[in-house]
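Following: one structure in structure tokens, then a few remarks.
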Amino acid sequence: MILIDGKKVSADIKAELKIEIEELRLKTGKVPGLVVIIVGDNPASEVYVRNKHKSCVEVGINSIVVEMPAETTQEQLLEQVKYFNENPDFHGILVQLPLPKQINEDVIIRAIDPIKDVDGFHPTTVGEMVTGNPTYVSCTPAGVVELLARYDIDPAGKHVVIVGRSNIVGKPAALLLMQKKKFANAIVTVCHSAAKDISVYTKQADILVAAMGVPGFIKKEMVKEGVVVIDVGTNRIYDPTTKSGTRLVGDVDFEGVSQVASYITPVPGGVGPMTIAMLLKNTVKAFKEHGM
Ligand code: NAP
């Protein structure tokens with residue numbers, strides 16, 4: 001069994017980007033800029049935003065975080081998005097989700113200029129991705145594909161089974177992996193909660209992508225020998241043996257499944273670190289295409 005080390009791949013990508021950004025700076029006198037807008041005080045979002053900012057600084061992206069109070073109105077947030085749409089120093093805009101109840105996420109996502117949509121959630125961006133045109137691919141599914149590519153696991157002609165059909169992970173991952181492209185071209189099955197017996201599908205997987213949000217759901221008996229397992233699940237569970245009283249686990253029962261898998265991602269340290277690496281990559285892409 002080979003452990004797919006997302007932490008290392010993410011560090012490699014950051015090192016590559018750091019060199020590229022320095023070259024771009026020397027050539028243009030400018031660097032890519034990313035603004036992250038966070039509304040309210042969701043502790044998990046605050047951690048994500050801090051990590052994104054830290055990674056930007058590491059590679060030389062000019063990053064700012066705009067913190068808005070929980071009672072921010074939709075109009076006030078739209079104003080901010082409009083300001084950064086028009087600000088040439090920022091090539092990427094990310095509005096951290098979830099947003100407070102009074103704000104319609106769809107309205108906000110649609111307000112982001114698609115040329116700055118480095119999170120890849122705008123319907124225009126999604127449409128380009130679905131049709132196979134070059135665009136910003138949303139960061140977590142892009143991270144899944146990048147991990148496979150970096151470990152030279154070619155999904156072409158393989159049966160990829162994805163558990164989960166959310167708009168941010170399962171659905172875009174399926175669409176990406178079925179493209180007639182390099183490191184894609186897979187036969188894709190997407191499972192969701194309407195499946196009566198999910199193991200009928202998971203047992204057929206050459207590559208299994210678990211993105212359901214149910215801790216340890218995928219067991220050894222549900223997969224075949226030699227399967228490649230990409231565990232997107234990030235679930236915090238109670239664990240009194242740890243200092244914090246909790247720990248992160250995936251959707252896959254790592255201990256059991258790793259006995260039969262050929263490759264497997266750990267949680268943490270698998271897909272998680274790739275999401276930020278892909279965000280940085282998208283920001284550099286935005287700069288090269290629209291900021292120079
Ligand atoms: P989500 O929006 O809750 O979607 C979960 C999907 O899994 C749904 O399609 C659901 O089916 C399906 N599902 C849930 N329980 C199931 C079951 N028992 N059998 C079959 N299908 C089932 O979750 P998400 O946002 O995609 O996130 C999934 C996981 O990935 C979470 O643990 C999340 O924390 C993690 N995640 C990690 C990253 C990262 O590493 N950077 C990023 C995003 C998400 P229905 O559609 O029928 O309800």
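By order in the structure tokens, chains are A, B, ...; within a chain, residues start at 1; ligands start at 1, following the order shown.
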
Selection as a tab-separated table (two decimals) with N, CA and C atoms, in the first residue's frame: residues within 6 Å of ligand 1 by only C-alpha atoms and all ligand atoms:
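Output file result-v6.tsv is given in full below:
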chain	number	residue	atom	x	y	z
A	140	THR	N	-11.15	21.75	-4.38
A	140	THR	CA	-11.06	20.39	-3.83
A	140	THR	C	-11.08	19.33	-4.94
A	163	VAL	N	-18.54	8.71	-4.17
A	163	VAL	CA	-19.67	8.69	-3.23
A	163	VAL	C	-19.88	10.12	-2.76
A	164	GLY	N	-21.01	10.70	-3.17
A	164	GLY	CA	-21.32	12.10	-2.86
A	164	GLY	C	-21.50	12.88	-4.15
A	165	ARG	N	-22.52	13.74	-4.17
A	165	ARG	CA	-22.83	14.50	-5.39
A	165	ARG	C	-22.99	15.99	-5.10
A	166	SER	N	-22.27	16.49	-4.09
A	166	SER	CA	-22.43	17.91	-3.77
A	166	SER	C	-21.85	18.75	-4.90
A	168	ILE	N	-19.85	21.14	-4.55
A	168	ILE	CA	-18.47	21.57	-4.33
A	168	ILE	C	-17.46	20.43	-4.42
A	169	VAL	N	-17.91	19.19	-4.28
A	169	VAL	CA	-16.95	18.07	-4.37
A	169	VAL	C	-17.39	17.00	-5.37
A	170	GLY	N	-18.40	16.21	-5.00
A	170	GLY	CA	-18.74	15.01	-5.78
A	170	GLY	C	-19.05	15.30	-7.25
A	191	CYS	N	-22.50	7.94	-6.66
A	191	CYS	CA	-23.47	7.39	-5.71
A	191	CYS	C	-23.93	8.48	-4.73
A	192	HIS	N	-25.11	8.31	-4.20
A	192	HIS	CA	-25.62	9.24	-3.21
A	192	HIS	C	-26.57	8.52	-2.29
A	193	SER	N	-27.28	9.27	-1.48
A	193	SER	CA	-28.04	8.62	-0.41
A	193	SER	C	-29.24	7.82	-0.91
A	194	ALA	N	-29.57	7.92	-2.17
A	194	ALA	CA	-30.69	7.12	-2.68
A	194	ALA	C	-30.27	5.68	-3.00
A	211	ALA	N	-16.70	11.27	-0.67
A	211	ALA	CA	-16.98	12.68	-0.33
A	211	ALA	C	-18.40	12.76	0.19
A	212	MET	N	-18.63	12.15	1.34
A	212	MET	CA	-19.99	12.08	1.88
A	212	MET	C	-20.15	12.77	3.22
A	213	GLY	N	-19.09	12.88	3.98
A	213	GLY	CA	-19.20	13.53	5.28
A	213	GLY	C	-19.73	12.61	6.36
A	232	VAL	N	-12.00	12.30	0.67
A	232	VAL	CA	-12.19	13.76	0.79
A	232	VAL	C	-12.80	14.12	2.15
A	233	GLY	N	-13.45	13.18	2.76
A	233	GLY	CA	-14.16	13.42	4.02
A	233	GLY	C	-13.27	14.05	5.08
A	234	THR	N	-13.81	15.04	5.74
A	234	THR	CA	-13.08	15.72	6.82
A	234	THR	C	-14.09	15.88	7.96
A	235	ASN	N	-14.04	14.95	8.88
A	235	ASN	CA	-15.05	14.94	9.95
A	235	ASN	C	-14.37	15.01	11.30
A	271	VAL	N	-6.28	14.95	0.94
A	271	VAL	CA	-6.89	15.95	0.04
A	271	VAL	C	-6.88	17.35	0.67
A	272	GLY	N	-7.03	17.43	1.98
A	272	GLY	CA	-7.14	18.72	2.67
A	272	GLY	C	-6.11	19.75	2.22
A	275	THR	N	-6.42	21.50	-1.31
A	275	THR	CA	-7.43	22.52	-1.63
A	275	THR	C	-6.78	23.91	-1.67

Report as CSV the residues of segment 36-121 of chain A within 12 Å of segment 141-150 of chain A, each with its shortest atom pair and distance in Å (one decimal), using only C-alpha atoms, ordered by chain and increasing residue number.
residue,atom,partner,partner_atom,distance
A:Val118,CA,A:Ala142,CA,11.6
A:Asp119,CA,A:Ala142,CA,10.5
A:Gly120,CA,A:Ala142,CA,9.9
A:Phe121,CA,A:Pro141,CA,11.7

Could you please take those selected residues and save C-alpha atoms as a PDB file, in the first residue's frame?
ATOM      1  CA  VAL A 118     -10.626  31.404  -8.272  1.00  0.00           C
ATOM      2  CA  ASP A 119     -12.904  29.258  -6.099  1.00  0.00           C
ATOM      3  CA  GLY A 120     -14.614  28.052  -9.287  1.00  0.00           C
ATOM      4  CA  PHE A 121     -18.210  28.276  -8.026  1.00  0.00           C
TER       5      PHE A 121
END

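Neighbours of Glu221 of chain A closer than or equal to 12 Å, with only C-alpha atoms counted and sequence neighbours fewer than 4 positions away skipped, come out as Ile198, Ser199, Val200, Thr202, Lys203, Gln204, Phe217, Glu225, Val227, Val252, Asp253, Gly256, Val257, Ser258, Gln259, Val260 and Ala261 of chain A.
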
Can you write just those residues out, N, CA and C atoms, as a compact mmCIF listing (two decimals), in the first residue's frame?
# COMPACT_ATOMS: atom_id res chain seq x y z
N ILE A 198 -24.94 0.67 -1.15
CA ILE A 198 -23.86 1.41 -1.81
C ILE A 198 -22.66 0.52 -2.15
N SER A 199 -22.51 -0.58 -1.40
CA SER A 199 -21.34 -1.44 -1.62
C SER A 199 -21.40 -2.14 -2.98
N VAL A 200 -22.61 -2.26 -3.56
CA VAL A 200 -22.74 -2.81 -4.92
C VAL A 200 -21.87 -1.99 -5.87
N THR A 202 -19.42 0.52 -4.78
CA THR A 202 -18.04 0.76 -4.30
C THR A 202 -17.14 -0.45 -4.55
N LYS A 203 -17.72 -1.66 -4.55
CA LYS A 203 -16.93 -2.87 -4.80
C LYS A 203 -16.40 -2.92 -6.23
N GLN A 204 -17.04 -2.16 -7.12
CA GLN A 204 -16.61 -2.17 -8.52
C GLN A 204 -15.53 -1.13 -8.81
N PHE A 217 -17.24 5.60 7.03
CA PHE A 217 -18.35 4.84 6.44
C PHE A 217 -17.86 3.71 5.52
N GLU A 225 -9.76 -5.55 -3.69
CA GLU A 225 -8.30 -5.59 -3.52
C GLU A 225 -7.64 -4.69 -4.59
N VAL A 227 -7.74 -1.39 -4.84
CA VAL A 227 -8.43 -0.12 -5.13
C VAL A 227 -7.55 1.08 -4.73
N VAL A 252 -13.51 7.23 5.15
CA VAL A 252 -13.03 5.87 4.95
C VAL A 252 -12.45 5.35 6.26
N ASP A 253 -12.76 4.09 6.56
CA ASP A 253 -12.15 3.43 7.72
C ASP A 253 -10.71 3.09 7.33
N GLY A 256 -8.86 -0.37 8.22
CA GLY A 256 -9.31 -1.55 7.48
C GLY A 256 -9.01 -1.44 5.99
N VAL A 257 -9.40 -0.33 5.39
CA VAL A 257 -9.30 -0.19 3.92
C VAL A 257 -7.85 -0.17 3.46
N SER A 258 -6.96 0.38 4.28
CA SER A 258 -5.54 0.44 3.87
C SER A 258 -4.93 -0.97 3.76
N GLN A 259 -5.60 -1.97 4.33
CA GLN A 259 -5.08 -3.35 4.21
C GLN A 259 -5.30 -3.93 2.81
N VAL A 260 -6.27 -3.36 2.08
CA VAL A 260 -6.55 -3.91 0.74
C VAL A 260 -6.27 -2.91 -0.39
N ALA A 261 -6.15 -1.64 -0.05
CA ALA A 261 -5.95 -0.62 -1.09
C ALA A 261 -4.52 -0.67 -1.64

Please provide as a compact mmCIF listing (two decimals) with N, CA, C and O atoms, in the first residue's frame all residues within 10 Å of segment 128-134 of chain A, with the sequence filter that same-chain residues fewer than 5 positions apart are discarded (counting only C-alpha atoms).
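Generated file (selection_9.txt):
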# COMPACT_ATOMS: atom_id res chain seq x y z
N GLY A 120 -13.99 28.87 -8.24
CA GLY A 120 -14.61 28.05 -9.29
C GLY A 120 -16.07 27.71 -9.06
O GLY A 120 -16.57 26.71 -9.56
N PRO A 123 -21.57 30.05 -11.83
CA PRO A 123 -22.16 29.16 -12.85
C PRO A 123 -21.44 29.24 -14.20
O PRO A 123 -21.36 28.23 -14.92
N PRO A 172 -18.53 18.08 -9.29
CA PRO A 172 -17.42 18.54 -10.14
C PRO A 172 -16.32 17.50 -10.30
O PRO A 172 -15.70 17.40 -11.37
N ALA A 174 -16.74 14.30 -10.51
CA ALA A 174 -17.23 13.36 -11.52
C ALA A 174 -17.06 13.95 -12.93
O ALA A 174 -16.59 13.30 -13.85
N LEU A 175 -17.44 15.22 -13.05
CA LEU A 175 -17.37 15.88 -14.37
C LEU A 175 -15.93 16.02 -14.85
O LEU A 175 -15.65 15.86 -16.04
N LEU A 176 -15.04 16.30 -13.92
CA LEU A 176 -13.62 16.42 -14.30
C LEU A 176 -13.05 15.09 -14.75
O LEU A 176 -12.35 15.01 -15.75
N MET A 178 -14.49 12.55 -15.96
CA MET A 178 -15.03 11.94 -17.18
C MET A 178 -14.62 12.69 -18.45
O MET A 178 -14.91 12.25 -19.55
N GLN A 179 -13.92 13.82 -18.30
CA GLN A 179 -13.49 14.58 -19.47
C GLN A 179 -12.59 13.73 -20.35
O GLN A 179 -11.81 12.93 -19.84
N LYS A 180 -12.66 13.98 -21.67
CA LYS A 180 -11.76 13.25 -22.58
C LYS A 180 -10.42 13.99 -22.59
O LYS A 180 -10.12 14.75 -23.52
N LYS A 181 -9.69 13.84 -21.51
CA LYS A 181 -8.45 14.59 -21.31
C LYS A 181 -7.43 13.72 -20.60
O LYS A 181 -7.78 12.67 -20.06

Using DSSP secondary structure from the backbone, list all helix (DSSP H, G or I) positions within segment 123-257 of chain A, as a ChimeraX atom specification. /A:123-130,139-150,170-177,199-202,220-222,254-257

Need to verify the contact set: segment 91-108 of chain A, 10 Å, only C-alpha atoms, exclusion of same-chain residues closer than 4 positions in sequence. Can you return it as JSON, numbers by chain? {"A": [31, 32, 33, 34, 35, 36, 37, 38, 39, 40, 41, 42, 45, 46, 48, 49, 62, 63, 65, 66, 69, 70, 71, 72, 73, 74, 75, 76, 77, 78, 81, 84, 85, 86, 87, 112, 113, 114, 115, 116, 117, 118, 119, 120, 121, 122, 123, 279, 280, 282, 283, 284, 285, 286, 287, 288, 289, 290, 291, 292]}
